[in-house]
file entry_12.txt (compact mmCIF, C-alpha atoms)
# COMPACT_ATOMS: atom_id res chain seq x y z
CA MET A 1 -63.72 27.83 -37.51
CA SER A 2 -67.30 26.57 -37.45
CA GLN A 3 -70.57 27.59 -39.01
CA ILE A 4 -73.87 26.79 -37.35
CA GLU A 5 -77.34 27.13 -38.80
CA LEU A 6 -80.99 26.40 -38.17
CA GLU A 7 -82.91 24.89 -41.05
CA ASN A 8 -86.71 25.35 -40.84
CA VAL A 9 -86.70 24.76 -37.08
CA SER A 10 -89.85 24.85 -34.95
CA PHE A 11 -90.22 24.38 -31.22
CA THR A 12 -93.31 24.53 -29.00
CA TYR A 13 -93.56 24.49 -25.22
CA GLY A 14 -96.48 22.73 -23.55
CA GLY A 15 -97.79 21.13 -26.71
CA ASP A 16 -101.42 19.94 -26.67
CA THR A 17 -102.11 21.75 -23.40
CA SER A 18 -103.79 25.02 -22.50
CA TYR A 19 -100.28 26.43 -21.93
CA GLU A 20 -99.06 25.72 -25.45
CA LYS A 21 -96.63 28.36 -26.68
CA LYS A 22 -94.87 28.25 -30.06
CA ALA A 23 -91.39 29.64 -29.39
CA LEU A 24 -89.98 29.13 -32.90
CA ASP A 25 -91.92 28.68 -36.10
CA GLY A 26 -89.99 27.48 -39.15
CA VAL A 27 -86.85 29.47 -38.39
CA SER A 28 -83.94 29.34 -40.82
CA VAL A 29 -80.81 31.34 -40.01
CA THR A 30 -77.07 30.94 -40.53
CA PHE A 31 -74.40 32.15 -38.12
CA ARG A 32 -71.25 32.48 -40.19
CA SER A 33 -67.79 31.63 -38.95
CA GLY A 34 -65.38 34.36 -37.95
CA ILE A 35 -67.95 37.07 -37.26
CA ILE A 36 -69.95 38.28 -34.27
CA THR A 37 -73.70 38.15 -34.74
CA GLY A 38 -75.98 40.05 -32.38
CA LEU A 39 -79.37 38.52 -31.65
CA ILE A 40 -82.07 40.93 -30.50
CA GLY A 41 -85.78 40.71 -29.87
CA HIS A 42 -88.36 41.56 -27.23
CA THR A 43 -89.00 39.19 -24.33
CA GLY A 44 -90.71 36.07 -25.66
CA SER A 45 -89.44 36.51 -29.21
CA GLY A 46 -87.65 33.13 -29.14
CA LYS A 47 -84.03 34.19 -28.56
CA SER A 48 -83.34 31.98 -25.54
CA THR A 49 -85.00 28.97 -27.15
CA LEU A 50 -82.90 29.46 -30.26
CA VAL A 51 -79.57 29.57 -28.40
CA GLN A 52 -80.46 26.47 -26.36
CA LEU A 53 -81.09 24.62 -29.60
CA LEU A 54 -77.62 25.51 -30.87
CA ASN A 55 -75.76 23.21 -28.48
CA GLY A 56 -78.41 20.57 -27.97
CA LEU A 57 -79.90 21.67 -24.65
CA LEU A 58 -83.18 21.55 -26.58
CA LYS A 59 -83.99 19.34 -29.57
CA PRO A 60 -85.93 20.70 -32.57
CA GLN A 61 -89.43 19.31 -32.88
CA SER A 62 -89.08 19.83 -36.61
CA GLY A 63 -86.21 21.02 -38.79
CA ARG A 64 -82.48 20.62 -38.19
CA VAL A 65 -79.57 22.30 -36.45
CA LEU A 66 -76.45 21.99 -38.61
CA LEU A 67 -72.89 22.38 -37.32
CA ASP A 68 -70.47 22.59 -40.24
CA GLY A 69 -73.19 21.09 -42.42
CA LYS A 70 -73.93 18.10 -40.16
CA ASP A 71 -77.13 17.56 -38.17
CA ILE A 72 -76.12 17.74 -34.50
CA TRP A 73 -78.85 15.19 -33.67
CA ALA A 74 -77.85 12.68 -36.37
CA ASP A 75 -76.37 10.57 -33.57
CA PRO A 76 -77.97 11.53 -30.24
CA LYS A 77 -75.29 9.60 -28.34
CA LYS A 78 -72.71 12.13 -29.56
CA ILE A 79 -74.60 15.28 -28.57
CA ARG A 80 -72.11 15.67 -25.70
CA ASN A 81 -69.37 16.32 -28.25
CA VAL A 82 -71.45 19.10 -29.80
CA ARG A 83 -71.51 20.89 -26.43
CA PHE A 84 -67.72 20.95 -26.40
CA LYS A 85 -67.77 22.66 -29.81
CA VAL A 86 -70.69 25.02 -29.16
CA GLY A 87 -70.07 26.81 -25.87
CA LEU A 88 -73.06 28.50 -24.24
CA VAL A 89 -72.67 31.08 -21.47
CA MET A 90 -76.10 31.31 -19.87
CA GLN A 91 -77.86 34.51 -18.86
CA TYR A 92 -77.72 33.55 -15.19
CA PRO A 93 -74.21 32.20 -14.41
CA GLU A 94 -75.25 30.74 -11.03
CA TYR A 95 -77.10 28.07 -13.01
CA GLN A 96 -73.85 27.12 -14.76
CA LEU A 97 -71.46 26.94 -11.79
CA PHE A 98 -71.53 23.86 -9.60
CA ASP A 99 -68.09 22.58 -8.53
CA GLU A 100 -66.28 23.05 -5.21
CA THR A 101 -63.78 25.60 -6.52
CA VAL A 102 -63.63 28.01 -9.42
CA ARG A 103 -60.55 26.19 -10.71
CA SER A 104 -62.27 22.80 -10.81
CA ASP A 105 -65.38 24.37 -12.34
CA ILE A 106 -63.40 25.88 -15.23
CA ALA A 107 -61.50 22.58 -15.61
CA PHE A 108 -64.67 20.49 -15.91
CA GLY A 109 -65.04 20.89 -19.68
CA PRO A 110 -61.38 20.42 -20.66
CA ARG A 111 -61.11 17.40 -18.35
CA ASN A 112 -64.15 15.75 -19.91
CA MET A 113 -62.81 16.49 -23.38
CA GLY A 114 -59.87 14.23 -22.54
CA MET A 115 -57.18 16.86 -21.98
CA THR A 116 -54.24 15.78 -19.84
CA PRO A 117 -53.91 17.32 -16.35
CA GLU A 118 -51.17 19.61 -17.67
CA GLU A 119 -53.26 20.68 -20.67
CA THR A 120 -56.29 21.21 -18.43
CA GLU A 121 -54.35 23.40 -16.00
CA ALA A 122 -52.93 25.45 -18.88
CA ALA A 123 -56.44 25.87 -20.33
CA VAL A 124 -57.76 27.01 -16.93
CA GLU A 125 -54.99 29.59 -16.49
CA GLU A 126 -55.42 30.89 -20.04
CA ALA A 127 -59.21 31.17 -19.69
CA ALA A 128 -58.90 32.95 -16.32
CA ARG A 129 -56.51 35.50 -17.84
CA PHE A 130 -58.78 36.00 -20.84
CA THR A 131 -61.81 36.76 -18.71
CA GLY A 132 -59.90 38.94 -16.24
CA LEU A 133 -60.54 36.54 -13.36
CA ASP A 134 -57.92 37.07 -10.66
CA ARG A 135 -55.86 33.97 -9.82
CA SER A 136 -56.61 34.51 -6.13
CA LEU A 137 -60.23 33.55 -6.87
CA LEU A 138 -59.48 30.20 -8.52
CA ASP A 139 -59.40 28.21 -5.27
CA LYS A 140 -62.53 29.83 -3.83
CA SER A 141 -66.04 28.42 -4.04
CA PRO A 142 -67.81 29.83 -7.12
CA PHE A 143 -70.77 30.61 -4.87
CA ASP A 144 -68.64 33.06 -2.88
CA LEU A 145 -68.07 35.21 -5.95
CA SER A 146 -69.86 38.43 -6.83
CA GLY A 147 -72.31 38.46 -9.73
CA GLY A 148 -69.69 39.87 -12.11
CA GLN A 149 -67.06 37.36 -10.98
CA LYS A 150 -69.53 34.50 -11.49
CA ARG A 151 -70.12 35.76 -15.00
CA ARG A 152 -66.39 35.75 -15.70
CA ALA A 153 -66.00 32.26 -14.21
CA ALA A 154 -68.85 30.88 -16.34
CA LEU A 155 -67.32 32.41 -19.46
CA ALA A 156 -63.87 31.04 -18.51
CA GLY A 157 -65.35 27.54 -18.26
CA VAL A 158 -66.54 27.80 -21.86
CA ILE A 159 -63.42 29.52 -23.23
CA ALA A 160 -61.24 26.78 -21.69
CA MET A 161 -62.81 24.28 -24.11
CA HIS A 162 -61.72 26.38 -27.14
CA PRO A 163 -65.17 26.16 -28.76
CA GLY A 164 -65.70 26.72 -32.46
CA VAL A 165 -68.94 28.54 -31.64
CA LEU A 166 -69.34 30.81 -28.61
CA VAL A 167 -72.83 31.89 -27.52
CA LEU A 168 -73.15 34.63 -24.90
CA ASP A 169 -76.71 35.03 -23.59
CA GLU A 170 -76.66 38.53 -22.10
CA ALA A 171 -73.87 40.00 -20.00
CA ALA A 172 -75.89 39.89 -16.79
CA GLY A 173 -74.00 40.60 -13.58
CA LEU A 174 -71.36 42.82 -15.18
CA ASP A 175 -71.13 46.56 -14.67
CA PRO A 176 -70.85 48.67 -17.85
CA GLY A 177 -67.05 48.81 -17.63
CA GLY A 178 -66.77 45.06 -17.08
CA ARG A 179 -69.14 44.39 -19.95
CA ARG A 180 -67.10 46.53 -22.32
CA GLU A 181 -63.92 44.79 -21.18
CA ILE A 182 -65.33 41.29 -21.75
CA LEU A 183 -66.99 42.12 -25.07
CA GLY A 184 -63.81 43.84 -26.24
CA ARG A 185 -61.83 40.69 -25.48
CA ILE A 186 -64.41 38.55 -27.23
CA ARG A 187 -64.09 40.85 -30.25
CA GLU A 188 -60.31 40.26 -30.24
CA PHE A 189 -60.85 36.52 -29.68
CA CYS A 190 -63.18 36.29 -32.67
CA ASP A 191 -60.80 38.23 -34.92
CA SER A 192 -57.74 36.17 -33.95
CA SER A 193 -59.29 32.70 -33.82
CA GLY A 194 -62.05 32.84 -36.43
CA THR A 195 -64.54 31.62 -33.82
CA THR A 196 -68.23 32.08 -34.57
CA VAL A 197 -69.69 34.32 -31.86
CA ILE A 198 -73.37 34.95 -31.10
CA ILE A 199 -74.30 37.59 -28.53
CA VAL A 200 -77.81 37.96 -27.17
CA SER A 201 -78.33 41.38 -25.61
CA HIS A 202 -80.87 44.08 -24.86
CA SER A 203 -78.14 46.71 -25.16
CA MET A 204 -78.33 48.28 -28.58
CA GLU A 205 -75.02 50.05 -27.87
CA ASP A 206 -73.32 46.66 -27.41
CA MET A 207 -74.85 45.41 -30.65
CA ALA A 208 -73.66 48.49 -32.52
CA MET A 209 -70.15 48.51 -31.08
CA TYR A 210 -69.15 44.84 -31.20
CA CYS A 211 -71.26 43.02 -33.80
CA ASP A 212 -70.65 42.51 -37.52
CA CYS A 213 -74.23 41.43 -38.13
CA VAL A 214 -77.49 41.86 -36.21
CA THR A 215 -80.43 39.45 -36.45
CA VAL A 216 -83.83 40.63 -35.23
CA MET A 217 -86.38 38.16 -33.85
CA SER A 218 -90.10 38.65 -33.29
CA ASP A 219 -92.77 36.15 -32.22
CA GLY A 220 -90.72 33.08 -33.06
CA HIS A 221 -89.59 34.31 -36.49
CA ILE A 222 -86.58 36.09 -37.95
CA ALA A 223 -87.88 39.58 -38.71
CA PHE A 224 -84.81 40.82 -40.60
CA SER A 225 -81.03 40.96 -40.36
CA GLY A 226 -78.07 42.87 -41.73
CA THR A 227 -75.11 44.95 -40.70
CA PRO A 228 -75.62 47.23 -37.68
CA ALA A 229 -75.97 50.20 -40.05
CA GLN A 230 -78.64 48.42 -42.10
CA VAL A 231 -80.59 47.20 -39.07
CA PHE A 232 -80.52 50.38 -37.01
CA SER A 233 -81.47 52.53 -40.01
CA ARG A 234 -84.85 50.74 -39.80
CA SER A 235 -85.65 52.41 -36.49
CA GLU A 236 -89.41 52.64 -37.05
CA GLU A 237 -89.62 48.88 -37.64
CA LEU A 238 -87.55 48.22 -34.53
CA PHE A 239 -89.80 50.49 -32.46
CA SER A 240 -92.87 48.63 -33.76
CA LEU A 241 -91.31 45.38 -32.50
CA GLY A 242 -90.80 46.81 -29.04
CA LEU A 243 -87.07 47.35 -29.56
CA ASP A 244 -84.82 50.37 -29.37
CA VAL A 245 -81.86 51.78 -31.29
CA PRO A 246 -78.52 53.14 -30.00
CA GLN A 247 -78.82 56.60 -28.46
CA ILE A 248 -76.58 58.07 -31.15
CA THR A 249 -79.02 56.78 -33.80
CA ARG A 250 -81.78 58.69 -32.03
CA VAL A 251 -79.58 61.80 -32.06
CA ALA A 252 -79.03 61.43 -35.82
CA ALA A 253 -82.80 61.13 -36.37
CA ALA A 254 -83.39 64.24 -34.24
CA LEU A 255 -80.81 66.17 -36.27
CA GLU A 256 -82.51 65.08 -39.48
CA ARG A 257 -85.83 66.46 -38.22
CA ARG A 258 -84.06 69.77 -37.72
CA GLY A 259 -82.70 69.80 -41.24
CA ILE A 260 -79.23 68.40 -40.49
CA ASP A 261 -79.06 65.18 -42.46
CA ILE A 262 -76.05 63.03 -41.53
CA GLY A 263 -77.85 59.81 -42.43
CA ARG A 264 -80.07 57.33 -40.63
CA ASP A 265 -77.47 54.57 -40.66
CA ILE A 266 -75.55 56.12 -37.76
CA TYR A 267 -74.95 53.58 -35.01
CA THR A 268 -71.75 54.56 -33.12
CA VAL A 269 -70.40 57.87 -31.81
CA LYS A 270 -67.23 57.44 -33.89
CA PHE A 271 -69.30 56.95 -37.04
CA ALA A 272 -71.42 60.00 -36.18
CA PHE A 273 -68.31 62.13 -35.65
CA GLY A 274 -67.05 61.28 -39.14
CA ARG A 275 -70.41 62.08 -40.73
CA ILE A 276 -70.68 65.39 -38.85
CA CYS A 277 -67.20 66.36 -40.03
CA GLU A 278 -68.24 65.58 -43.60
CA TYR A 279 -71.41 67.62 -43.17
CA ILE A 280 -69.51 70.64 -41.82
CA ASP A 281 -66.94 70.22 -44.56
CA GLY A 282 -69.75 70.45 -47.11
CA LEU A 283 -71.06 73.63 -45.51
CA ASN A 284 -67.57 75.12 -45.76
CA GLY A 285 -67.41 74.44 -49.46
CA GLY A 286 -65.15 71.41 -49.28
CA SER A 287 -62.60 72.79 -46.83
CA LYS A 288 -60.15 70.21 -45.55
CA ASP A 289 -59.72 71.80 -42.16
CA GLU A 290 -59.29 69.38 -39.28
CA TYR A 291 -62.00 69.11 -36.69
call {"tool": "encode", "arguments": {"input": "entry_12.txt", "output": "structure tokens"}}
result
Amino acid sequence: MSQIELENVSFTYGGDTSYEKKALDGVSVTFRSGIITGLIGHTGSGKSTLVQLLNGLLKPQSGRVLLDGKDIWADPKKIRNVRFKVGLVMQYPEYQLFDETVRSDIAFGPRNMGMTPEETEAAVEEAARFTGLDRSLLDKSPFDLSGGQKRRAALAGVIAMHPGVLVLDEAAGLDPGGRREILGRIREFCDSSGTTVIIVSHSMEDMAMYCDCVTVMSDGHIAFSGTPAQVFSRSEELFSLGLDVPQITRVAAALERRGIDIGRDIYTVKFAFGRICEYIDGLNGGSKDEY
């Protein structure tokens, strides 16, 4: 289990030029071990910059990135080891795949970590099973895969390294069913292994269904964070930041406007069903009838 945090981190692109853009401005945030944190924000809010800082693809211009309490840049020569511990699955998997076959691509990380050939092969097979990547694809070129298969292969390459922190930047290239399958497996993986998981997504339904905590970014700052119920109950603030809420949260708000108050902290259909049952039960004078 690993905990990773940003401590007063700032990062600017194109400094001292007419294209200067401050992506992060004094950001401090902790991603706790053993939970899934959702990271949301409008385009340009700083999400992608933040996740690239987590495994050393970018270096803070001020502040620190701490992995288990240690500055990942304390010894720049060892930043490679940080990338074994903090696995990043990029938004566009074609940028992450490069080897001649899917098998060798997935094996790249384990091999460079010093695993034996037997351990590497076992890690490849395990990661392929985890991501639902058919064994018949392992000896094909990764560039012959579909978008969804590329996404699975990129994820398998990170899972094979058994990272303490897993960062998933969008589930691009996956159909809704494939996305639910992968995120469901990541939910199980987090629960069983204690891995720290960070998911960047524009899907509020994904955030509501799979995350323990949601962190909201805006203009290079952390706007607020909390449980899905706490975050999505602040719908007006989210709308003002150019963000949305799960559809079921909108339904709950519409019901409230019509005098049916089941709460504004509704964020999943299952949760809404329970609240509606309680509401009807109250109308029936406390009847315990099943619904």
call {"tool": "atom_distance", "arguments": {"input": "entry_12.txt", "atom1": "atom CA of Thr227 of chain A", "atom2": "atom CA of Ile199 of chain A"}}
result
14.2 Å
call {"tool": "residues_around", "arguments": {"input": "entry_12.txt", "residues": "Glu181 of chain A", "least_positions_apart": "6", "cutoff": "10 Å", "atoms": "all atoms listed in the file", "output": "mmCIF file with C-alpha atoms, in the coordinates of the input"}}
result
data_model
loop_
_atom_site.group_PDB
_atom_site.id
_atom_site.type_symbol
_atom_site.label_atom_id
_atom_site.label_comp_id
_atom_site.auth_asym_id
_atom_site.auth_seq_id
_atom_site.Cartn_x
_atom_site.Cartn_y
_atom_site.Cartn_z
ATOM 1 C CA THR A 131 -61.810 36.760 -18.710
ATOM 2 C CA GLY A 132 -59.900 38.940 -16.240
ATOM 3 C CA LEU A 174 -71.360 42.820 -15.180
ATOM 4 C CA ASP A 175 -71.130 46.560 -14.670
ATOM 5 C CA ARG A 187 -64.090 40.850 -30.250
#
call {"tool": "closest_residue", "arguments": {"input": "entry_12.txt", "among": "A:Ile198, A:Leu133, A:Met1, A:Ala23", "to": "Ile182 of chain A", "atoms": "all atoms listed in the file"}}
result
A:Leu133
call {"tool": "closest_residue", "arguments": {"input": "entry_12.txt", "among": "A:Met161, A:Asp71, A:Ala229, A:Gly285", "to": "Gly114 of chain A", "atoms": "all atoms listed in the file"}}
result
A:Met161
call {"tool": "residues_around", "arguments": {"input": "entry_12.txt", "residues": "Leu168 of chain A", "least_positions_apart": "3", "cutoff": "9 Å", "atoms": "only C-alpha atoms", "output": "PyMOL selection string"}}
result
chain A and resi 51+87-91+155+171+197-201
call {"tool": "closest_residue", "arguments": {"input": "entry_12.txt", "among": "A:Gly14, A:Gly220, A:Gly41, A:Gly109", "to": "Lys85 of chain A", "atoms": "only C-alpha atoms"}}
result
A:Gly109
call {"tool": "closest_residue", "arguments": {"input": "entry_12.txt", "among": "A:Ile4, A:Val269, A:Val167, A:Ile262", "to": "Lys47 of chain A", "atoms": "only C-alpha atoms"}}
result
A:Val167
call {"tool": "closest_residue", "arguments": {"input": "entry_12.txt", "among": "A:Gly274, A:Gly177, A:Gly148, A:Gly34", "to": "Tyr92 of chain A", "atoms": "all atoms listed in the file"}}
result
A:Gly148
call {"tool": "closest_residue", "arguments": {"input": "entry_12.txt", "among": "A:Glu94, A:Val9, A:Ile106, A:Gly242", "to": "Phe143 of chain A", "atoms": "all atoms listed in the file"}}
result
A:Glu94
call {"tool": "atom_distance", "arguments": {"input": "entry_12.txt", "atom1": "atom CA of Glu5 of chain A", "atom2": "atom CA of Ile40 of chain A"}}
result
16.8 Å
call {"tool": "atom_distance", "arguments": {"input": "entry_12.txt", "atom1": "atom CA of Ile248 of chain A", "atom2": "atom CA of Thr37 of chain A"}}
result
20.4 Å
call {"tool": "residues_around", "arguments": {"input": "entry_12.txt", "residues": "Ser10 of chain A", "least_positions_apart": "6", "cutoff": "8 Å", "atoms": "only C-alpha atoms", "output": "list in words"}}
result
Lys22, Ala23, Leu24, Asp25, Gly26, Val27, Pro60, Gln61, Ser62 and Gly63 of chain A
call {"tool": "decode", "arguments": {"input": "entry_12.txt", "residues": "segment 226-239 of chain A", "atoms": "N, CA and C atoms", "output": "mmCIF file, in the first residue's frame"}}
result
data_model
loop_
_atom_site.group_PDB
_atom_site.id
_atom_site.type_symbol
_atom_site.label_atom_id
_atom_site.label_comp_id
_atom_site.auth_asym_id
_atom_site.auth_seq_id
_atom_site.Cartn_x
_atom_site.Cartn_y
_atom_site.Cartn_z
ATOM 1 N N GLY A 226 -14.516 15.348 -1.349
ATOM 2 C CA GLY A 226 -15.323 14.657 -0.353
ATOM 3 C C GLY A 226 -15.821 13.345 -0.909
ATOM 4 N N THR A 227 -16.727 12.721 -0.205
ATOM 5 C CA THR A 227 -17.336 11.497 -0.713
ATOM 6 C C THR A 227 -18.191 11.851 -1.927
ATOM 7 N N PRO A 228 -18.543 10.874 -2.769
ATOM 8 C CA PRO A 228 -19.437 11.189 -3.891
ATOM 9 C C PRO A 228 -20.719 11.883 -3.450
ATOM 10 N N ALA A 229 -21.304 11.429 -2.338
ATOM 11 C CA ALA A 229 -22.538 12.059 -1.850
ATOM 12 C C ALA A 229 -22.298 13.521 -1.500
ATOM 13 N N GLN A 230 -21.190 13.820 -0.830
ATOM 14 C CA GLN A 230 -20.892 15.194 -0.440
ATOM 15 C C GLN A 230 -20.626 16.079 -1.656
ATOM 16 N N VAL A 231 -19.873 15.550 -2.613
ATOM 17 C CA VAL A 231 -19.508 16.349 -3.792
ATOM 18 C C VAL A 231 -20.711 16.595 -4.690
ATOM 19 N N PHE A 232 -21.471 15.545 -4.986
ATOM 20 C CA PHE A 232 -22.566 15.708 -5.935
ATOM 21 C C PHE A 232 -23.785 16.406 -5.332
ATOM 22 N N SER A 233 -23.812 16.539 -4.009
ATOM 23 C CA SER A 233 -24.884 17.335 -3.399
ATOM 24 C C SER A 233 -24.651 18.826 -3.625
ATOM 25 N N ARG A 234 -23.439 19.185 -4.071
ATOM 26 C CA ARG A 234 -23.102 20.586 -4.347
ATOM 27 C C ARG A 234 -23.237 20.852 -5.848
ATOM 28 N N SER A 235 -24.381 20.462 -6.386
ATOM 29 C CA SER A 235 -24.586 20.498 -7.834
ATOM 30 C C SER A 235 -24.436 21.903 -8.414
ATOM 31 N N GLU A 236 -24.932 22.925 -7.713
ATOM 32 C CA GLU A 236 -24.861 24.279 -8.258
ATOM 33 C C GLU A 236 -23.412 24.730 -8.410
ATOM 34 N N GLU A 237 -22.567 24.354 -7.437
ATOM 35 C CA GLU A 237 -21.146 24.703 -7.531
ATOM 36 C C GLU A 237 -20.490 23.964 -8.688
ATOM 37 N N LEU A 238 -20.850 22.704 -8.871
ATOM 38 C CA LEU A 238 -20.298 21.929 -9.978
ATOM 39 C C LEU A 238 -20.710 22.537 -11.312
ATOM 40 N N PHE A 239 -21.984 22.930 -11.429
ATOM 41 C CA PHE A 239 -22.454 23.549 -12.669
ATOM 42 C C PHE A 239 -21.678 24.837 -12.951
#
